[in-house]
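Single-structure report; data block below.
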Amino acid sequence: MAKSNGKKANPTKAKAAPKKKAAKVTAATATNNGLPKPSNKPYGQAGLALQGVRILDFTHVQSGPTCTQLLAYMGADVIKVERPGVGDITRGQLRDVPNADSLYFTMLNGTKRSITIDSKHPKGMDILNRLIMTCDVLVENFAPGALDRMGLTWEYIHKLNPRMIVASVKGFGPGPYEDCKVYENVAQCAGGAASTTGFREGPPLVTGAQIGDSGTGLHLALGIVSALYQRIRTGRGQKVLCAMQDGVLNLARVKLRDQQRLAHGPLTEYSQYSEGIPFGKAVPRAGNDSGGGQPAWLLKCKGWESDPDAYIYFITQAPVWESICDVIGEPTWKTDPDYATPKARLPRLKKIFERIEVWTMTKTKFEVMDICNALDIPVGPILSMKEIAEDESLRKTGTVVEVDHPTRGKYLTVGNPIKLSDSPARVERSPLLGEHTEEILSKVLGYSAAEIADIKKSGAIAPPEKSKAAA
Ligand code: CAO
């Protein structure tokens, strides 16, 4: 907000400020406002975006690990703290290879280091204190209150390290449900996604994309990077909270848009409208309707009888309507007043898509892609996970990456979907449980060999050996 000096402005005295001659800015004269000069290293060789950022990763299951894995891909040093002998519960969940970390774990914890610490052991707490003092961000997604019960309250952490950012995923924000434990599908249901997904005549549906867990992890990563940026100015850390319900709602915002539109009449782009079925009080499930301003539907392609993924998503974008008419063999629809304009088409969408499907069923989904893309008609093939896993172009861009693991062998993971031109992604395998405990104790925290031996005996970083415990 502009400040007033208390004096009234005198318009008659006011003179136009003399125009300054625009200075010619060259590389030699450019000032950097206190920032370092642009690197003259070739792009991709000036380090990684988050190099120098150290994360104390107290996350588990999916939402938190998604966030810290992405930060690790971007170059942060992510130190994952796990319970001795147990580790992240997902290491053993949905196991496909006996005695090896599951894909559930390995695909969410790449490029991290693992240290085992019993946070409820006094020596474990000493280690955590040192980690808090050396890290920039603590990320956690425990059940509400668990971090406080460990003694790691915001006040405690902030006193030890005022620069520390404490980032949390919780199921719900402050309110009646704030103490609830939450998993993916609970968030999808509470965030408005499930009630608006599925077919009108069927029950609410959850989606396979993990918008509650991974979606909230992505939101948290943005919060953390923003807090790191603000810290450059303020010198202090802050709390970052992402509630899964909020994250899902953010992704389902177009449905809240439609909820408000309902007050002003039916949602004409929903196929329910073209079928003459009245709308109720809340946004209905809309099957495969587009959700945007261009009517669309999912259509069968050649082979659909035996291949469950032989489908194409077809968008009848208004500017290419004439090309659509030509390609499907209905040239008269270009001028027929019942079909020529988007408004005229709205009550006839069902019939239009049935006719387009007659054409798509004569082609494979890839043939439809080739024909329509050449005409600028937006279409999308339904790709199976098998097709995606085998897609050469996704491998080339680093979106699908194969890594090697000491106990499970080679596996595919999703690399960094965010491409930075000066920061190549660092996509590596996940760590074994406690693989880096000694390395972190000595190299990051400065413990001596004697101190480490003492810690080992105490049971703070490994479960006490049975024979010794019994003695
Ligand atoms: N040393 C000692 N204790 C440890 C430890 C360590 N290194 N790491 C964790 N623990 C303890 C915690 O202190 C906690 O103990 P108390 O409850 O006795 O205080 C305990 O392990 C379990 O933590 P939790 O409550 O987070 O785990 P849970 O399996 O009971 O619940 C989940 C899991 C996901 C429902 C819950 O963590 C949660 O609601 N998180 C927030 C929302 C979220 O992220 N959900 C998405 C999960 S992915 O689908």
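Chain identifiers are assigned as A, B, and so on, following the order in which chains appear in the structure tokens; residues are numbered from 1 within each chain, and ligands are numbered from 1 in order of appearance.
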- Task: Report as a ChimeraX atom specification which protein, DNA and RNA residues come within 7 Å of ligand 1, using only C-alpha atoms and all ligand atoms.
- Result: /A:61-64,81-84,116-120,141-144,146-147,149-150,169-171,180-184,213
From a DSSP calculation on the backbone, collect every residue of range 199-447 of chain A in strand (DSSP E or B) and output the set as a PDB file with N, CA and C atoms, in the first residue's frame.
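As written to disk, states-v1.pdb reads:
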ATOM      1  N   LYS A 239       6.076 -22.755   9.675  1.00  0.00           N
ATOM      2  CA  LYS A 239       5.362 -24.030   9.524  1.00  0.00           C
ATOM      3  C   LYS A 239       4.669 -24.043   8.166  1.00  0.00           C
ATOM      4  N   VAL A 240       4.681 -25.196   7.510  1.00  0.00           N
ATOM      5  CA  VAL A 240       3.956 -25.358   6.240  1.00  0.00           C
ATOM      6  C   VAL A 240       2.992 -26.518   6.461  1.00  0.00           C
ATOM      7  N   LEU A 241       1.734 -26.294   6.241  1.00  0.00           N
ATOM      8  CA  LEU A 241       0.747 -27.358   6.451  1.00  0.00           C
ATOM      9  C   LEU A 241      -0.063 -27.589   5.183  1.00  0.00           C
ATOM     10  N   CYS A 242      -0.131 -28.831   4.749  1.00  0.00           N
ATOM     11  CA  CYS A 242      -1.041 -29.175   3.655  1.00  0.00           C
ATOM     12  C   CYS A 242      -1.978 -30.257   4.155  1.00  0.00           C
ATOM     13  N   ALA A 243      -3.261 -29.947   4.164  1.00  0.00           N
ATOM     14  CA  ALA A 243      -4.261 -30.947   4.519  1.00  0.00           C
ATOM     15  C   ALA A 243      -4.674 -31.670   3.244  1.00  0.00           C
ATOM     16  N   ALA A 296     -16.770 -33.516 -24.863  1.00  0.00           N
ATOM     17  CA  ALA A 296     -15.881 -34.636 -25.184  1.00  0.00           C
ATOM     18  C   ALA A 296     -16.445 -35.917 -24.594  1.00  0.00           C
ATOM     19  N   TRP A 297     -15.961 -37.059 -25.083  1.00  0.00           N
ATOM     20  CA  TRP A 297     -16.408 -38.344 -24.538  1.00  0.00           C
ATOM     21  C   TRP A 297     -15.375 -39.412 -24.880  1.00  0.00           C
ATOM     22  N   LEU A 298     -15.467 -40.521 -24.187  1.00  0.00           N
ATOM     23  CA  LEU A 298     -14.566 -41.643 -24.419  1.00  0.00           C
ATOM     24  C   LEU A 298     -15.216 -42.602 -25.421  1.00  0.00           C
ATOM     25  N   LEU A 299     -14.485 -42.934 -26.475  1.00  0.00           N
ATOM     26  CA  LEU A 299     -15.092 -43.730 -27.553  1.00  0.00           C
ATOM     27  C   LEU A 299     -14.318 -45.024 -27.804  1.00  0.00           C
ATOM     28  N   LYS A 300     -15.077 -46.044 -28.184  1.00  0.00           N
ATOM     29  CA  LYS A 300     -14.463 -47.339 -28.498  1.00  0.00           C
ATOM     30  C   LYS A 300     -13.640 -47.238 -29.780  1.00  0.00           C
ATOM     31  N   TYR A 311      -9.586 -47.604 -26.463  1.00  0.00           N
ATOM     32  CA  TYR A 311     -10.495 -46.449 -26.410  1.00  0.00           C
ATOM     33  C   TYR A 311      -9.722 -45.181 -26.738  1.00  0.00           C
ATOM     34  N   ILE A 312     -10.453 -44.189 -27.166  1.00  0.00           N
ATOM     35  CA  ILE A 312      -9.834 -42.881 -27.418  1.00  0.00           C
ATOM     36  C   ILE A 312     -10.716 -41.818 -26.772  1.00  0.00           C
ATOM     37  N   TYR A 313     -10.087 -40.808 -26.227  1.00  0.00           N
ATOM     38  CA  TYR A 313     -10.854 -39.680 -25.689  1.00  0.00           C
ATOM     39  C   TYR A 313     -10.947 -38.635 -26.798  1.00  0.00           C
ATOM     40  N   PHE A 314     -12.151 -38.264 -27.152  1.00  0.00           N
ATOM     41  CA  PHE A 314     -12.373 -37.437 -28.342  1.00  0.00           C
ATOM     42  C   PHE A 314     -12.992 -36.095 -27.944  1.00  0.00           C
ATOM     43  N   ILE A 315     -12.310 -35.022 -28.300  1.00  0.00           N
ATOM     44  CA  ILE A 315     -12.792 -33.683 -27.929  1.00  0.00           C
ATOM     45  C   ILE A 315     -13.314 -32.963 -29.171  1.00  0.00           C
ATOM     46  N   VAL A 379      -7.328 -35.396 -29.412  1.00  0.00           N
ATOM     47  CA  VAL A 379      -7.781 -36.727 -28.980  1.00  0.00           C
ATOM     48  C   VAL A 379      -6.702 -37.337 -28.086  1.00  0.00           C
ATOM     49  N   GLY A 380      -7.098 -38.287 -27.251  1.00  0.00           N
ATOM     50  CA  GLY A 380      -6.116 -38.918 -26.371  1.00  0.00           C
ATOM     51  C   GLY A 380      -6.338 -40.414 -26.287  1.00  0.00           C
ATOM     52  N   PRO A 381      -5.314 -41.201 -26.618  1.00  0.00           N
ATOM     53  CA  PRO A 381      -5.496 -42.655 -26.530  1.00  0.00           C
ATOM     54  C   PRO A 381      -5.484 -43.090 -25.066  1.00  0.00           C
ATOM     55  N   VAL A 400      10.167 -41.912 -17.242  1.00  0.00           N
ATOM     56  CA  VAL A 400      10.228 -43.292 -16.736  1.00  0.00           C
ATOM     57  C   VAL A 400      11.711 -43.685 -16.710  1.00  0.00           C
ATOM     58  N   VAL A 401      12.159 -44.126 -15.527  1.00  0.00           N
ATOM     59  CA  VAL A 401      13.596 -44.388 -15.355  1.00  0.00           C
ATOM     60  C   VAL A 401      13.782 -45.794 -14.784  1.00  0.00           C
ATOM     61  N   GLU A 402      14.781 -46.502 -15.303  1.00  0.00           N
ATOM     62  CA  GLU A 402      15.115 -47.807 -14.723  1.00  0.00           C
ATOM     63  C   GLU A 402      16.312 -47.621 -13.793  1.00  0.00           C
ATOM     64  N   VAL A 403      16.173 -48.114 -12.570  1.00  0.00           N
ATOM     65  CA  VAL A 403      17.298 -48.042 -11.624  1.00  0.00           C
ATOM     66  C   VAL A 403      17.604 -49.445 -11.114  1.00  0.00           C
ATOM     67  N   ASP A 404      18.801 -49.615 -10.578  1.00  0.00           N
ATOM     68  CA  ASP A 404      19.219 -50.934 -10.106  1.00  0.00           C
ATOM     69  C   ASP A 404      19.264 -50.929  -8.579  1.00  0.00           C
ATOM     70  N   HIS A 405      18.814 -52.010  -7.987  1.00  0.00           N
ATOM     71  CA  HIS A 405      18.709 -52.066  -6.524  1.00  0.00           C
ATOM     72  C   HIS A 405      19.444 -53.308  -6.026  1.00  0.00           C
ATOM     73  N   GLY A 409      17.047 -55.925  -7.616  1.00  0.00           N
ATOM     74  CA  GLY A 409      17.439 -55.835  -9.022  1.00  0.00           C
ATOM     75  C   GLY A 409      16.835 -54.607  -9.688  1.00  0.00           C
ATOM     76  N   LYS A 410      16.720 -54.677 -11.008  1.00  0.00           N
ATOM     77  CA  LYS A 410      16.270 -53.486 -11.749  1.00  0.00           C
ATOM     78  C   LYS A 410      14.762 -53.261 -11.570  1.00  0.00           C
ATOM     79  N   TYR A 411      14.384 -52.013 -11.457  1.00  0.00           N
ATOM     80  CA  TYR A 411      12.954 -51.690 -11.417  1.00  0.00           C
ATOM     81  C   TYR A 411      12.724 -50.338 -12.082  1.00  0.00           C
ATOM     82  N   LEU A 412      11.483 -50.144 -12.509  1.00  0.00           N
ATOM     83  CA  LEU A 412      11.128 -48.866 -13.129  1.00  0.00           C
ATOM     84  C   LEU A 412      10.586 -47.926 -12.069  1.00  0.00           C
ATOM     85  N   THR A 413      10.930 -46.661 -12.219  1.00  0.00           N
ATOM     86  CA  THR A 413      10.325 -45.672 -11.340  1.00  0.00           C
ATOM     87  C   THR A 413       9.930 -44.459 -12.183  1.00  0.00           C
ATOM     88  N   VAL A 414       9.120 -43.605 -11.592  1.00  0.00           N
ATOM     89  CA  VAL A 414       8.762 -42.374 -12.299  1.00  0.00           C
ATOM     90  C   VAL A 414       9.812 -41.334 -11.921  1.00  0.00           C
ATOM     91  N   LEU A 420      13.781 -28.976 -15.488  1.00  0.00           N
ATOM     92  CA  LEU A 420      14.468 -27.688 -15.336  1.00  0.00           C
ATOM     93  C   LEU A 420      15.654 -27.670 -16.303  1.00  0.00           C
ATOM     94  N   SER A 423      18.993 -27.730 -14.301  1.00  0.00           N
ATOM     95  CA  SER A 423      19.136 -28.629 -13.160  1.00  0.00           C
ATOM     96  C   SER A 423      18.664 -30.034 -13.537  1.00  0.00           C
TER      97      SER A 423
END
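Of the residues listed (A:Gly415, A:Arg233, A:Arg95, A:Leu251), A:Gly415 shows the shortest atom-to-atom separation from Val427 in chain A; distances use only C-alpha atoms.
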- Task: To one decimal in Å, tell me the separation between CA of Phe279 in chain A and CA of His264 in chain A.
- Result: 11.7 Å
- Message: Could you list, as a PyMOL selection string, every residue within 12 Å of Glu439 in chain A, counting only C-alpha atoms and ignoring same-chain residues fewer than 4 positions away?
- Response: chain A and resi 79+113-116+434-435+443-449+452
For the residues in that selection, give me C-alpha atoms as a PDB file, in the first residue's frame.
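And here's out10.pdb as it stands now:
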ATOM      1  CA  ILE A  79      17.887 -37.871   5.161  1.00  0.00           C
ATOM      2  CA  ARG A 113      19.633 -41.555   2.468  1.00  0.00           C
ATOM      3  CA  SER A 114      18.263 -43.708   5.282  1.00  0.00           C
ATOM      4  CA  ILE A 115      19.215 -43.425   8.934  1.00  0.00           C
ATOM      5  CA  THR A 116      17.563 -45.492  11.658  1.00  0.00           C
ATOM      6  CA  GLY A 434      19.627 -47.721   7.788  1.00  0.00           C
ATOM      7  CA  GLU A 435      22.062 -47.902   4.869  1.00  0.00           C
ATOM      8  CA  LYS A 443      30.137 -37.202   8.156  1.00  0.00           C
ATOM      9  CA  VAL A 444      27.068 -35.021   8.685  1.00  0.00           C
ATOM     10  CA  LEU A 445      26.827 -34.889  12.472  1.00  0.00           C
ATOM     11  CA  GLY A 446      30.501 -35.275  13.412  1.00  0.00           C
ATOM     12  CA  TYR A 447      30.210 -38.171  15.879  1.00  0.00           C
ATOM     13  CA  SER A 448      33.531 -39.911  16.620  1.00  0.00           C
ATOM     14  CA  ALA A 449      34.025 -43.654  16.083  1.00  0.00           C
ATOM     15  CA  ILE A 452      29.125 -44.227  17.327  1.00  0.00           C
TER      16      ILE A 452
END
Helix (DSSP H, G or I) positions in range 139-376 of chain A, given as a tab-separated table (two decimals) with C-alpha atoms, in the first residue's frame:
chain	number	residue	atom	x	y	z
A	146	ALA	CA	2.65	-37.83	16.97
A	147	LEU	CA	5.49	-35.36	16.39
A	148	ASP	CA	4.56	-33.45	19.55
A	149	ARG	CA	4.44	-36.71	21.50
A	154	TRP	CA	7.29	-26.41	16.81
A	155	GLU	CA	8.50	-24.36	19.79
A	156	TYR	CA	11.20	-26.91	20.59
A	157	ILE	CA	12.42	-27.17	16.99
A	158	HIS	CA	12.26	-23.44	16.40
A	159	LYS	CA	14.34	-22.78	19.53
A	160	LEU	CA	17.01	-25.25	18.42
A	184	GLU	CA	-5.70	-41.63	0.15
A	185	ASN	CA	-9.30	-42.57	-0.49
A	186	VAL	CA	-10.58	-40.85	2.65
A	187	ALA	CA	-9.15	-37.63	1.23
A	188	GLN	CA	-10.63	-38.27	-2.21
A	189	CYS	CA	-14.03	-38.70	-0.57
A	190	ALA	CA	-13.73	-35.69	1.74
A	194	ALA	CA	-15.38	-39.05	-5.25
A	195	SER	CA	-18.83	-37.46	-5.29
A	196	THR	CA	-18.09	-35.99	-8.71
A	213	ASP	CA	-1.41	-38.65	-1.24
A	214	SER	CA	0.88	-37.77	-4.11
A	215	GLY	CA	-1.22	-34.70	-4.94
A	216	THR	CA	-0.82	-33.36	-1.41
A	217	GLY	CA	2.88	-34.23	-1.44
A	218	LEU	CA	3.26	-32.02	-4.50
A	219	HIS	CA	1.42	-29.18	-2.81
A	220	LEU	CA	3.71	-29.55	0.21
A	221	ALA	CA	6.82	-29.40	-1.98
A	222	LEU	CA	5.66	-26.06	-3.36
A	223	GLY	CA	5.01	-24.81	0.18
A	224	ILE	CA	8.51	-25.84	1.24
A	225	VAL	CA	10.26	-24.20	-1.69
A	226	SER	CA	8.22	-21.01	-1.08
A	227	ALA	CA	9.18	-21.04	2.61
A	228	LEU	CA	12.85	-21.52	1.67
A	229	TYR	CA	12.58	-18.53	-0.64
A	230	GLN	CA	10.95	-16.37	2.03
A	231	ARG	CA	13.65	-17.43	4.49
A	232	ILE	CA	16.27	-15.76	2.29
A	233	ARG	CA	14.55	-12.48	3.22
A	234	THR	CA	13.43	-13.12	6.78
A	244	MET	CA	-5.13	-33.77	2.15
A	245	GLN	CA	-8.75	-32.64	1.98
A	246	ASP	CA	-7.58	-29.19	0.85
A	247	GLY	CA	-5.19	-30.66	-1.70
A	248	VAL	CA	-7.92	-32.79	-3.26
A	249	LEU	CA	-10.37	-29.89	-3.32
A	250	ASN	CA	-7.75	-27.75	-5.03
A	251	LEU	CA	-7.51	-30.39	-7.76
A	253	ARG	CA	-11.89	-26.92	-8.10
A	254	VAL	CA	-13.72	-27.12	-11.44
A	255	LYS	CA	-16.45	-29.05	-9.66
A	256	LEU	CA	-16.85	-26.29	-7.06
A	257	ARG	CA	-17.09	-23.97	-10.07
A	258	ASP	CA	-19.93	-26.09	-11.43
A	259	GLN	CA	-21.65	-26.19	-8.03
A	260	GLN	CA	-21.97	-22.42	-8.19
A	261	ARG	CA	-23.02	-22.43	-11.85
A	262	LEU	CA	-25.90	-24.75	-10.94
A	263	ALA	CA	-27.60	-21.83	-9.20
A	264	HIS	CA	-27.94	-20.17	-12.60
A	271	SER	CA	-24.28	-35.15	-21.20
A	272	GLN	CA	-27.06	-35.32	-18.60
A	273	TYR	CA	-28.36	-32.11	-20.16
A	274	SER	CA	-28.45	-33.54	-23.69
A	318	ALA	CA	-15.44	-25.95	-31.82
A	319	PRO	CA	-12.75	-24.48	-34.12
A	320	VAL	CA	-12.14	-27.90	-35.74
A	321	TRP	CA	-15.81	-28.94	-36.01
A	322	GLU	CA	-15.71	-28.88	-39.82
A	323	SER	CA	-12.70	-31.23	-39.91
A	324	ILE	CA	-14.53	-33.57	-37.53
A	325	CYS	CA	-17.57	-33.64	-39.82
A	326	ASP	CA	-15.38	-34.43	-42.84
A	327	VAL	CA	-13.35	-37.12	-41.13
A	328	ILE	CA	-16.36	-39.02	-39.78
A	331	PRO	CA	-20.11	-33.18	-44.24
A	332	THR	CA	-23.69	-31.88	-44.11
A	333	TRP	CA	-23.34	-31.31	-40.35
A	334	LYS	CA	-21.03	-28.40	-41.17
A	342	PRO	CA	-21.67	-25.28	-30.45
A	343	LYS	CA	-24.98	-24.15	-28.90
A	344	ALA	CA	-27.06	-26.14	-31.41
A	345	ARG	CA	-24.93	-29.22	-30.76
A	346	LEU	CA	-25.33	-29.19	-26.96
A	347	PRO	CA	-28.70	-31.02	-26.81
A	348	ARG	CA	-27.45	-33.54	-29.43
A	349	LEU	CA	-24.10	-34.53	-27.93
A	350	LYS	CA	-25.12	-38.13	-27.24
A	351	LYS	CA	-26.10	-38.65	-30.88
A	352	ILE	CA	-22.96	-36.86	-32.11
A	353	PHE	CA	-20.62	-39.02	-30.04
A	354	GLU	CA	-22.47	-42.19	-31.10
A	355	ARG	CA	-21.84	-41.20	-34.71
A	356	ILE	CA	-18.15	-40.38	-34.10
A	357	GLU	CA	-17.77	-43.74	-32.38
A	358	VAL	CA	-19.05	-45.53	-35.47
A	359	TRP	CA	-15.96	-44.05	-37.16
A	360	THR	CA	-13.44	-44.60	-34.31
A	365	LYS	CA	-6.59	-45.77	-31.09
A	366	PHE	CA	-3.19	-44.97	-32.61
A	367	GLU	CA	-4.68	-44.64	-36.10
A	368	VAL	CA	-7.29	-42.22	-34.71
A	369	MET	CA	-4.45	-40.28	-33.07
A	370	ASP	CA	-2.53	-40.02	-36.34
A	371	ILE	CA	-5.54	-38.98	-38.43
A	372	CYS	CA	-6.92	-36.48	-35.90
A	373	ASN	CA	-3.62	-34.93	-34.86
A	374	ALA	CA	-2.90	-34.14	-38.51
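Comparing A:Gly287, A:Tyr177, A:Leu138, A:Gln238 by their smallest distance to Glu201 in chain A, the closest is A:Gly287 (using only C-alpha atoms).
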- Message: Can you tell me which residues surround Val78 in chain A at a distance of at most 8 Å, considering only C-alpha atoms, apart from same-chain residues fewer than 2 positions away, and format the answer as a list in words?
- Response: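 Neighbouring residues, sequence-local ones excluded: Arg54, Ile55, Leu56, Asp57, Thr68, Gln69, Leu71, Ala72, Ala76, Lys80, Thr111, Lys112 and Arg113 of chain A.
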- Message: So the first atom is CA of Asn99 in chain A and the second is CA of Thr59 in chain A; what is the distance between them in Å, to one decimal place?
- Response: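 Between these atoms lies a distance of 22.2 Å.
When only C-alpha atoms are used to measure the gap to Pro406 in chain A, the shortest distance among A:Gly291, A:Pro431, A:Gly85, A:Gly175 belongs to A:Pro431.
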- When you draw a straight line from CA of Ile132 in chain A to CA of Gly92 in chain A, how long is it in Å?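 About the pair CA of Ile132 in chain A and CA of Gly92 in chain A: they are 28.2 Å apart.
Among the candidates A:Asp136, A:Gly398, A:Thr362, A:Met107, the residue lying nearest to Arg236 in chain A is A:Asp136 (atoms considered: only C-alpha atoms).
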